[in-house]
Amino acid sequence: MSTQSLTSPVAVKPPLMVDRAKLAHIPGDEGWPFIGRTLSVLADPRGEVDAMARKYGLIYRSRVLGETSVSLLGPEANEFMLLDQTKLFSSTNGWETILGRLFPRGLMLLDFEEHRQHRRAMSVAFKSGPMKNYLAQLDTGIAARVDQWREAPGPMLFYPAMKQLTLDLAATSFLGTEIGPDVDEVTRAFVDMIAASVAVIRQPWPGTQMARGVRGRQRIVAYFSQQIPLRRENGGDDLFSQLCHATHEDGALLTTQDIVDHMSFLIMAAHDTLTSSLTSFVALLAAHPEWQTRLRDEVSALGIEPGAPLPFEKLDAMPLTEMAFKEAMRMKPPVPSIPRRATRDFSFKGFDIPAGTLVSMNPLFTHHMSEHWPDPEAFDPLRFTDEAQRARHRFAFVPFSGGAHMCIGVHFAYMQAKCFAFHFLQNLNVTMAPGYVPAWQMWPIPKPKDGLRVILTAA
């Protein structure tokens, strides 16, 4: 691991934006007055980072969304920032301006000891018992939707269909099948909150997406607050009911506000990131029919009759599916950039960086570094054999972040991906029209600009 030099014990108190003059010694380009390099980042985030890295190196200064920041690129920087054994980087103050209004105090927005305590309390909802129950709900929902697609084969826009499916799956596996007549209103509120989280206008002015998101937040707070005492009384196998009974180390239940905040964030994270990753996964299978065949053969080898559910015990028997899904996330990581804010002055690779600096790492850049990923634009799931992974820097692949902030739902994500692949490949073949190459929007979360036009036929 790279060494660091700590020169001040003073913690950052938000809001804090470091004086730009204190970063002038770091190579870089802050772009135009006022807007900085924001337009370049929005137009081509990967191209922007690639160009800055070629010109200035793996540590550079830029100015985006009104603030001068420092990018630290590559596996060593990822390890330095994510392991963070000396509590140098604040996730709270890194994500706050993006997610704080709509998803306050979600697990990703907590720091240090408070984060540890809440993560421990929430971990009960991701143990094998609850996970088996979530799989049953996922399996039912995915099987039903795939059946609908099989009955109406032909061209379709895959991204919006997947977006609706993952939202429906989150509603049932996270909230339970007994959510009842509130389901449409609750899911609409989440759609508005998720859309607002990446809206350009960040104030809830009348008629804006942010205003709709704030109203959605109010509806979600009211719904969860009303439901928590009922779930505590009646119990349930869904994630929401599990969190309603989760306790801290002293035996105290999570507060109503804690549960509201954690549930809101978990549904947002599971919905948007899985939509992105499963869409890129399907796009790659359509573009590489030889791998579609290999994964279909793996599904057939499970010996499970069509229409039967995927048993929890069979998940480990789908290694090629997991490798292909990982390769999809390597090529298009669902969170392309991860922000932090420095709590103290520090040094990294010879550069002194002051407290309060907004610092970011970039999984999208790391995942395409040719020294770690030969021929990085090629789709090759065999990069993720056990042997290949052992030979590579462990922070060269960070689609789920890492360290203390490793995504708490990582195993849920792999489980849902395998369940989807199981039903999809048993029933459907996916192709794209000859010559069609989908264009992708890579920020803030990758998605195909045209919705991804695919052709589904019965397998």
# chains A, B, ... in the order shown; residues from 1 in each chain; ligands from 1
$ residues_around --residues "range 270-279 of chain A" --least-positions-apart "6" --cutoff "9 Å" --atoms "only C-alpha atoms" --output "PyMOL selection string"
chain A and resi 158-160+162-170+194+325+328-329+332-335+409+412-413+416-417+420+445-448+452
$ select_by_dssp --residues "range 20-216 of chain A" --states "alpha helix (DSSP H)" --output "PyMOL selection string"
chain A and resi 38-43+45-56+75-83+92-99+112-122+128-151+158-175+183-197+209-216
$ residues_around --residues "range 142-148 of chain A" --least-positions-apart "4" --cutoff "7 Å" --atoms "only C-alpha atoms" --output "number ranges by chain"
A: 138, 152, 420, 423-424
$ write_last_selection --atoms "N, CA and C atoms" --output "compact mmCIF listing (two decimals), in the first residue's frame"
# COMPACT_ATOMS: atom_id res chain seq x y z
N LEU A 138 -37.28 -12.86 -5.85
CA LEU A 138 -36.65 -12.50 -7.12
C LEU A 138 -37.01 -13.51 -8.20
N ALA A 152 -44.13 -12.52 -26.28
CA ALA A 152 -44.19 -11.41 -27.24
C ALA A 152 -42.79 -11.14 -27.79
N PHE A 420 -31.49 -13.88 -12.81
CA PHE A 420 -31.95 -13.32 -14.09
C PHE A 420 -31.39 -14.13 -15.26
N HIS A 423 -33.19 -17.65 -15.78
CA HIS A 423 -34.49 -17.64 -16.45
C HIS A 423 -34.40 -17.08 -17.86
N PHE A 424 -33.60 -16.05 -18.04
CA PHE A 424 -33.49 -15.41 -19.35
C PHE A 424 -32.92 -16.38 -20.38
$ atom_distance --atom1 "CA of Leu428 in chain A" --atom2 "CA of Asp316 in chain A"
22.4 Å
$ closest_atom_pairs --of "range 311-382 of chain A" --to "range 102-116 of chain A" --cutoff "12 Å" --atoms "only C-alpha atoms" --output "tab-separated table"
residue	atom	partner	partner_atom	distance
A:Ile338	CA	A:Met108	CA	10.8
A:Pro339	CA	A:Leu109	CA	10.9
A:Arg340	CA	A:Leu109	CA	10.3
A:Arg341	CA	A:Asp111	CA	11.2
A:Thr343	CA	A:Asp111	CA	11.0
$ closest_residue --among "A:Leu99, A:Ala342, A:Leu23, A:Ala283" --to "Thr357 in chain A" --atoms "only C-alpha atoms"
A:Ala342
$ closest_residue --among "A:Thr293, A:Ala355, A:Thr208, A:Ala246" --to "Met17 in chain A" --atoms "only C-alpha atoms"
A:Ala355
$ residues_around --residues "Lys314 in chain A" --least-positions-apart "3" --cutoff "12 Å" --atoms "only C-alpha atoms" --output "PyMOL selection string"
chain A and resi 132+135+298-299+301-304+309-311+317-319+415+418-419+422
$ write_last_selection --atoms "N, CA and C atoms" --output "short mmCIF file (atom, residue, chain, number, x, y, z; two decimals), in the first residue's frame"
data_model
loop_
_atom_site.label_atom_id
_atom_site.label_comp_id
_atom_site.auth_asym_id
_atom_site.auth_seq_id
_atom_site.Cartn_x
_atom_site.Cartn_y
_atom_site.Cartn_z
N LYS A 132 -32.08 -16.31 1.20
CA LYS A 132 -32.86 -17.36 0.56
C LYS A 132 -34.29 -16.88 0.31
N LEU A 135 -34.28 -14.51 -2.62
CA LEU A 135 -34.15 -15.23 -3.88
C LEU A 135 -35.50 -15.77 -4.34
N GLU A 298 -24.22 -23.67 -19.34
CA GLU A 298 -24.02 -23.75 -17.89
C GLU A 298 -25.37 -23.84 -17.18
N VAL A 299 -26.34 -23.07 -17.63
CA VAL A 299 -27.68 -23.12 -17.04
C VAL A 299 -28.30 -24.50 -17.26
N ALA A 301 -26.80 -27.28 -17.62
CA ALA A 301 -26.08 -28.28 -16.82
C ALA A 301 -26.55 -28.32 -15.37
N LEU A 302 -27.29 -27.32 -14.93
CA LEU A 302 -27.82 -27.35 -13.56
C LEU A 302 -28.86 -28.44 -13.38
N GLY A 303 -29.46 -28.90 -14.49
CA GLY A 303 -30.44 -29.99 -14.42
C GLY A 303 -31.76 -29.58 -13.83
N ILE A 304 -32.13 -28.32 -13.97
CA ILE A 304 -33.39 -27.81 -13.41
C ILE A 304 -34.40 -27.67 -14.54
N PRO A 309 -38.02 -23.11 -10.03
CA PRO A 309 -37.20 -22.03 -9.46
C PRO A 309 -35.74 -22.42 -9.36
N LEU A 310 -34.89 -21.41 -9.27
CA LEU A 310 -33.45 -21.62 -9.07
C LEU A 310 -33.18 -21.81 -7.59
N PRO A 311 -32.70 -22.97 -7.16
CA PRO A 311 -32.41 -23.18 -5.73
C PRO A 311 -31.21 -22.35 -5.27
N ALA A 317 -22.94 -22.96 -8.60
CA ALA A 317 -22.70 -23.79 -9.78
C ALA A 317 -22.81 -22.99 -11.07
N MET A 318 -22.74 -21.66 -10.96
CA MET A 318 -22.83 -20.79 -12.14
C MET A 318 -21.61 -19.86 -12.21
N PRO A 319 -20.39 -20.43 -12.18
CA PRO A 319 -19.19 -19.58 -12.16
C PRO A 319 -19.00 -18.77 -13.44
N MET A 415 -26.49 -12.58 -6.75
CA MET A 415 -27.63 -13.51 -6.69
C MET A 415 -28.70 -13.11 -7.71
N LYS A 418 -27.50 -13.83 -11.32
CA LYS A 418 -27.55 -15.25 -11.68
C LYS A 418 -28.99 -15.72 -11.86
N CYS A 419 -29.88 -15.25 -11.02
CA CYS A 419 -31.29 -15.63 -11.14
C CYS A 419 -31.85 -15.11 -12.47
N PHE A 422 -30.37 -17.18 -15.32
CA PHE A 422 -30.96 -18.53 -15.31
C PHE A 422 -32.27 -18.53 -16.09
#
$ closest_residue --among "A:Ala189, A:Arg20, A:Met81, A:Leu65" --to "Ser347 in chain A" --atoms "only C-alpha atoms"
A:Met81
$ select_by_dssp --residues "range 215-356 of chain A" --states "strand (DSSP E)" --output "list in words"
Ile338, Pro339, Arg340, Arg341, Ala342, Phe346, Ser347, Phe348, Phe351, Asp352 and Ile353 of chain A
$ atom_distance --atom1 "CA of Ile267 in chain A" --atom2 "CA of Pro336 in chain A"
19.2 Å
$ closest_residue --among "A:Ile353, A:Val124, A:Val221, A:Met331" --to "Ile59 in chain A" --atoms "only C-alpha atoms"
A:Ile353
$ residues_around --residues "Ala222 in chain A" --least-positions-apart "5" --cutoff "12 Å" --atoms "only C-alpha atoms" --output "JSON, numbers by chain"
{"A": [182, 185, 186, 189, 215, 216, 217, 227, 228, 256, 257, 260, 261, 264]}
$ decode --residues "range 268-416 of chain A" --atoms "C-alpha atoms" --output "compact mmCIF listing (two decimals), in the first residue's frame"
# COMPACT_ATOMS: atom_id res chain seq x y z
CA MET A 268 -32.23 3.42 -4.89
CA ALA A 269 -28.84 1.70 -5.01
CA ALA A 270 -30.20 -1.74 -5.89
CA HIS A 271 -32.52 -0.36 -8.55
CA ASP A 272 -30.23 1.96 -10.49
CA THR A 273 -26.95 0.06 -10.33
CA LEU A 274 -28.48 -3.34 -11.13
CA THR A 275 -30.45 -1.85 -14.02
CA SER A 276 -27.20 -0.52 -15.47
CA SER A 277 -25.16 -3.68 -14.91
CA LEU A 278 -27.78 -6.14 -16.15
CA THR A 279 -28.38 -4.02 -19.24
CA SER A 280 -24.68 -3.97 -20.12
CA PHE A 281 -24.53 -7.72 -19.36
CA VAL A 282 -27.33 -8.46 -21.85
CA ALA A 283 -25.85 -6.09 -24.45
CA LEU A 284 -22.55 -7.96 -24.27
CA LEU A 285 -24.24 -11.37 -24.56
CA ALA A 286 -26.08 -10.11 -27.64
CA ALA A 287 -22.80 -8.91 -29.15
CA HIS A 288 -20.98 -12.14 -28.26
CA PRO A 289 -23.26 -15.09 -29.09
CA GLU A 290 -20.49 -17.58 -28.30
CA TRP A 291 -20.63 -16.51 -24.67
CA GLN A 292 -24.41 -16.54 -24.69
CA THR A 293 -24.18 -20.18 -25.75
CA ARG A 294 -21.60 -21.00 -23.05
CA LEU A 295 -23.76 -19.49 -20.31
CA ARG A 296 -26.88 -21.21 -21.63
CA ASP A 297 -24.99 -24.51 -21.50
CA GLU A 298 -24.02 -23.75 -17.89
CA VAL A 299 -27.68 -23.12 -17.04
CA SER A 300 -28.73 -26.35 -18.76
CA ALA A 301 -26.08 -28.28 -16.82
CA LEU A 302 -27.82 -27.35 -13.56
CA GLY A 303 -30.44 -29.99 -14.42
CA ILE A 304 -33.39 -27.81 -13.41
CA GLU A 305 -36.60 -28.19 -15.37
CA PRO A 306 -37.88 -25.14 -17.27
CA GLY A 307 -40.30 -23.23 -15.09
CA ALA A 308 -38.82 -24.53 -11.85
CA PRO A 309 -37.20 -22.03 -9.46
CA LEU A 310 -33.45 -21.62 -9.07
CA PRO A 311 -32.41 -23.18 -5.73
CA PHE A 312 -30.16 -21.09 -3.49
CA GLU A 313 -27.75 -24.03 -3.29
CA LYS A 314 -27.21 -23.91 -7.08
CA LEU A 315 -25.89 -20.35 -7.19
CA ASP A 316 -22.29 -21.47 -6.78
CA ALA A 317 -22.70 -23.79 -9.78
CA MET A 318 -22.83 -20.79 -12.14
CA PRO A 319 -19.19 -19.58 -12.16
CA LEU A 320 -19.14 -18.60 -15.85
CA THR A 321 -22.26 -16.48 -15.37
CA GLU A 322 -20.61 -14.69 -12.48
CA MET A 323 -17.45 -14.12 -14.50
CA ALA A 324 -19.43 -12.69 -17.43
CA PHE A 325 -21.37 -10.40 -15.12
CA LYS A 326 -18.12 -9.21 -13.54
CA GLU A 327 -16.69 -8.52 -16.98
CA ALA A 328 -19.77 -6.44 -17.81
CA MET A 329 -19.17 -4.40 -14.65
CA ARG A 330 -15.50 -4.06 -15.48
CA MET A 331 -16.30 -2.57 -18.84
CA LYS A 332 -19.10 -0.35 -17.54
CA PRO A 333 -18.86 -0.04 -13.75
CA PRO A 334 -22.24 1.03 -12.34
CA VAL A 335 -20.57 3.78 -10.28
CA PRO A 336 -17.88 5.21 -12.59
CA SER A 337 -16.50 7.73 -10.06
CA ILE A 338 -16.38 7.71 -6.25
CA PRO A 339 -15.94 10.97 -4.28
CA ARG A 340 -14.41 11.51 -0.86
CA ARG A 341 -13.38 14.60 1.11
CA ALA A 342 -10.10 14.79 3.01
CA THR A 343 -10.55 15.12 6.77
CA ARG A 344 -6.89 16.11 7.28
CA ASP A 345 -3.89 17.27 5.30
CA PHE A 346 -2.18 14.30 3.63
CA SER A 347 0.48 13.36 1.09
CA PHE A 348 0.22 10.81 -1.70
CA LYS A 349 2.98 9.98 -4.17
CA GLY A 350 4.80 13.21 -3.40
CA PHE A 351 1.82 15.58 -3.57
CA ASP A 352 0.66 17.47 -0.48
CA ILE A 353 -3.13 17.78 -0.43
CA PRO A 354 -4.89 19.94 2.19
CA ALA A 355 -7.81 19.11 4.46
CA GLY A 356 -11.17 19.79 2.88
CA THR A 357 -10.12 18.80 -0.64
CA LEU A 358 -12.70 16.92 -2.67
CA VAL A 359 -10.84 13.81 -3.89
CA SER A 360 -12.15 11.21 -6.31
CA MET A 361 -11.18 7.77 -7.54
CA ASN A 362 -12.36 6.45 -10.89
CA PRO A 363 -13.29 2.77 -11.33
CA LEU A 364 -14.07 3.39 -15.01
CA PHE A 365 -10.48 4.50 -15.65
CA THR A 366 -8.96 1.74 -13.51
CA HIS A 367 -11.01 -0.96 -15.24
CA HIS A 368 -9.53 0.00 -18.62
CA MET A 369 -5.85 0.33 -17.66
CA SER A 370 -4.04 -1.92 -20.14
CA GLU A 371 -1.26 -2.76 -17.68
CA HIS A 372 -3.87 -4.49 -15.50
CA TRP A 373 -6.38 -5.48 -18.18
CA PRO A 374 -4.68 -6.46 -21.48
CA ASP A 375 -6.82 -5.52 -24.50
CA PRO A 376 -9.24 -3.73 -22.15
CA GLU A 377 -11.94 -3.07 -24.78
CA ALA A 378 -12.39 -6.81 -25.45
CA PHE A 379 -15.12 -8.78 -23.65
CA ASP A 380 -13.33 -11.65 -21.92
CA PRO A 381 -15.01 -13.17 -18.83
CA LEU A 382 -12.00 -15.47 -18.33
CA ARG A 383 -10.21 -12.47 -16.81
CA PHE A 384 -12.06 -13.55 -13.66
CA THR A 385 -10.83 -17.09 -13.21
CA ASP A 386 -9.39 -17.63 -9.73
CA GLU A 387 -5.87 -17.76 -11.15
CA ALA A 388 -6.26 -14.53 -13.13
CA GLN A 389 -7.69 -12.68 -10.14
CA ARG A 390 -4.84 -13.80 -7.86
CA ALA A 391 -2.31 -12.40 -10.33
CA ARG A 392 -3.94 -8.97 -10.48
CA HIS A 393 -3.87 -6.04 -8.03
CA ARG A 394 -6.81 -6.59 -5.71
CA PHE A 395 -7.98 -2.99 -6.18
CA ALA A 396 -7.88 -3.14 -9.98
CA PHE A 397 -11.56 -4.22 -9.91
CA VAL A 398 -13.76 -2.04 -7.72
CA PRO A 399 -17.35 -1.96 -9.09
CA PHE A 400 -18.69 -2.31 -5.54
CA SER A 401 -16.21 0.11 -3.94
CA GLY A 402 -14.07 -1.55 -1.24
CA GLY A 403 -12.77 -1.49 2.31
CA ALA A 404 -15.25 -0.52 5.01
CA HIS A 405 -17.58 0.88 2.36
CA MET A 406 -17.70 -2.28 0.22
CA CYS A 407 -21.33 -2.46 -0.97
CA ILE A 408 -23.35 -4.31 1.66
CA GLY A 409 -25.52 -5.74 -1.13
CA VAL A 410 -22.73 -7.23 -3.23
CA HIS A 411 -23.93 -10.82 -2.74
CA PHE A 412 -27.53 -9.75 -3.38
CA ALA A 413 -26.38 -8.27 -6.70
CA TYR A 414 -24.62 -11.46 -7.81
CA MET A 415 -27.63 -13.51 -6.69
CA GLN A 416 -30.04 -11.39 -8.71
